[in-house]
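So the structure is just underneath, and the comments pick up after that.
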Amino acid sequence: MMVKDKAYREHAVFSELDLYIDFYDSFAMSVMGFATMGTTSMINMDTYVYSSIQGTIDSIKIILEKGRINDSYCLLRKYYDSAIINVYSNLYIENNCSVEKYFVEQINKWLHGKDQLPEYRVMSQYIRKSEKLKEINECLYSDDRYKSIRGRCNDHTHYNYFHHVMINDNEVYIKNRIESLDSLSKDLRDIFILHMSYIFSLHQHYMMSSDYVDYLDCGMQPPENSQYWVAPFIREVFDDVVKKNRPDIASCILSNTSMHLSADHA
C-alpha cells in the first residue's frame with residue numbers, strides 16, 4: 001500500500017535518494033580502473049562496495065515509498081556500516097601496504113571470504129584516531145550528530161520505543177510522520193557527506209574525470225593538468241550536497257587536494 005498523503009509522496013527525500021543512487025552508480029564505474037593495492041583483487045573492490053551501497057539506498061527508497069520509515073532506518077544503519085567498512089578497509093590498506101609487505105592480510109582475507117573484519121566500534125575508532133584523517137575528523141565530529149544518528153538507527157532497529165513500531169504501519173495516522181521523514185532525510189545526507197569526505201581525503205584520484213585516459217586511449221596527448229580534472233557528477237554532489245550543507249568540510253577537502261574541485265582550482 002502506497003502512502004496517500006501528498007506531503008509524504010512529494011517529500012524532498014525521494015529526489016535526494018535518486019541523487020545518491022545515481023552517484024554511487026557512476027562512482028562504482030569510475031573507480032573500476034584503479035587497482036586495489038594490497039590485495040589480489042583484479043578489479044577495484046570499491047566498485048562492488050559502491051554498487052552494493054547503491055542497492056541499499058535503492059531499497060531504502062522502495063521501502064519509504066510504502067511508508068515503512070522504521071524499516072528504512074534499519075537499512076540506513078546498514079548504509080552507515082557500509083560507509084565505515086569502506087573507509088576502514090581503504091585506510092587500513094594505506095597504513096599497512098608497503099614494498100616489503102605488499103599484501104595486507106586482514107583485508108585480503110576478508111575480500112576472499114576467509115576472515116571477518118573487526119567489529120564496528122573497532123573500525124570506527126581506528127578511523128577517528130587516524131593522523132591522516134585528523135582534520136576531516138575534527139570537522140565531522142565537531143558536534144554529536146553522528147552519535148545521534150547511530151542512536152536513532154539503533155532505536156529503530158531494536159524497537160526501543162513503541163513509536164518505532166507505529167511509524168512502520170502505513171495505515172495508521174501519525175501526526176509527526178513527516179517530521180520522521182525530515183529526520184531520515186537529514187541523517188541520509190550526513191552519512192553521505194561522512195562517506196564522501198573520508199574517501200575524497202584518502203583517494204583524491206577517485207574524483208578524476210575520464211578525460212585524461214580518454215585522450216591516451218585515442219593516442220592523443222592529454223591537455224596540461226587534465227589529470228586533475230574532476231568528474232562532473234562528483235563536482236555536482238560536492239557543490240550541491242557537501243559545500244551547501246557542510247561548508248567547513250568542503251573547505252577542509254579543498255585545502256588538502258590537488259584536484260580541480262572548484263572554480264578556484266581550475
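Just remember, in the C-alpha cells the first chain shown is A, the second B, etc., residues are 1-based per chain, and ligands are 1-based in the order shown.
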
Shell of 12 Å around Asp46 (chain A), only C-alpha atoms, local chain residues under 4 positions omitted, as a ChimeraX atom specification: /A:24-25,27-37,41-42,50-54,82-83,85-90,111,199,203,206

- prompt: What is the distance, in Å and to one decimal place, between CA of Tyr173 (chain A) and CA of Lys66 (chain A)?
  reply: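 Atom-to-atom, CA of Tyr173 (chain A) to CA of Lys66 (chain A), that is 14.1 Å.
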
field: DSSP helix (DSSP H, G or I) residues within region 153-243 of chain A, listed as a PyMOL selection string
entry: chain A and resi 153-157+163-166+177-202+204-207+211-217+226-228+232-243

message: For His11 (chain A), find every residue with an atom within 9 Å (counting only C-alpha atoms), except residues of its own chain fewer than 3 positions away, and show them as a list in words.
response: Lys6, Ala7, Tyr8, Phe14, Ser15, Ile178, Leu181 and Asp182 of chain A

Keeping only C-alpha atoms, write those residues as a PDB file, in the first residue's frame.
```
ATOM      1  CA  LYS A   6       0.642  14.198  -0.815  1.00  0.00           C
ATOM      2  CA  ALA A   7       3.159  15.857   1.516  1.00  0.00           C
ATOM      3  CA  TYR A   8       4.719  12.448   2.133  1.00  0.00           C
ATOM      4  CA  PHE A  14      12.829  10.888  -2.688  1.00  0.00           C
ATOM      5  CA  SER A  15      14.688  13.160  -5.105  1.00  0.00           C
ATOM      6  CA  ILE A 178       6.611  13.970   8.038  1.00  0.00           C
ATOM      7  CA  LEU A 181      10.836  11.725   7.166  1.00  0.00           C
ATOM      8  CA  ASP A 182      12.637  15.057   7.633  1.00  0.00           C
TER       9      ASP A 182
END
```

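Nearest residue to Tyr120 (chain A), choosing from A:Cys139, A:Val104, A:Met166, A:Ile84 and counting only C-alpha atoms: A:Ile84.
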
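Here the question is which of A:Arg9, A:His195, A:Lys101, A:Lys134 gets nearest to Asp81 (chain A) using only C-alpha atoms, and that residue is A:His195.
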
field: Best match for closeness to Asp248 (chain A) among A:Asp5, A:Glu105, A:Glu135, A:Glu224, counting only C-alpha atoms
entry: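 The shortest atom-to-atom distance to Asp248 (chain A) comes from A:Glu135.
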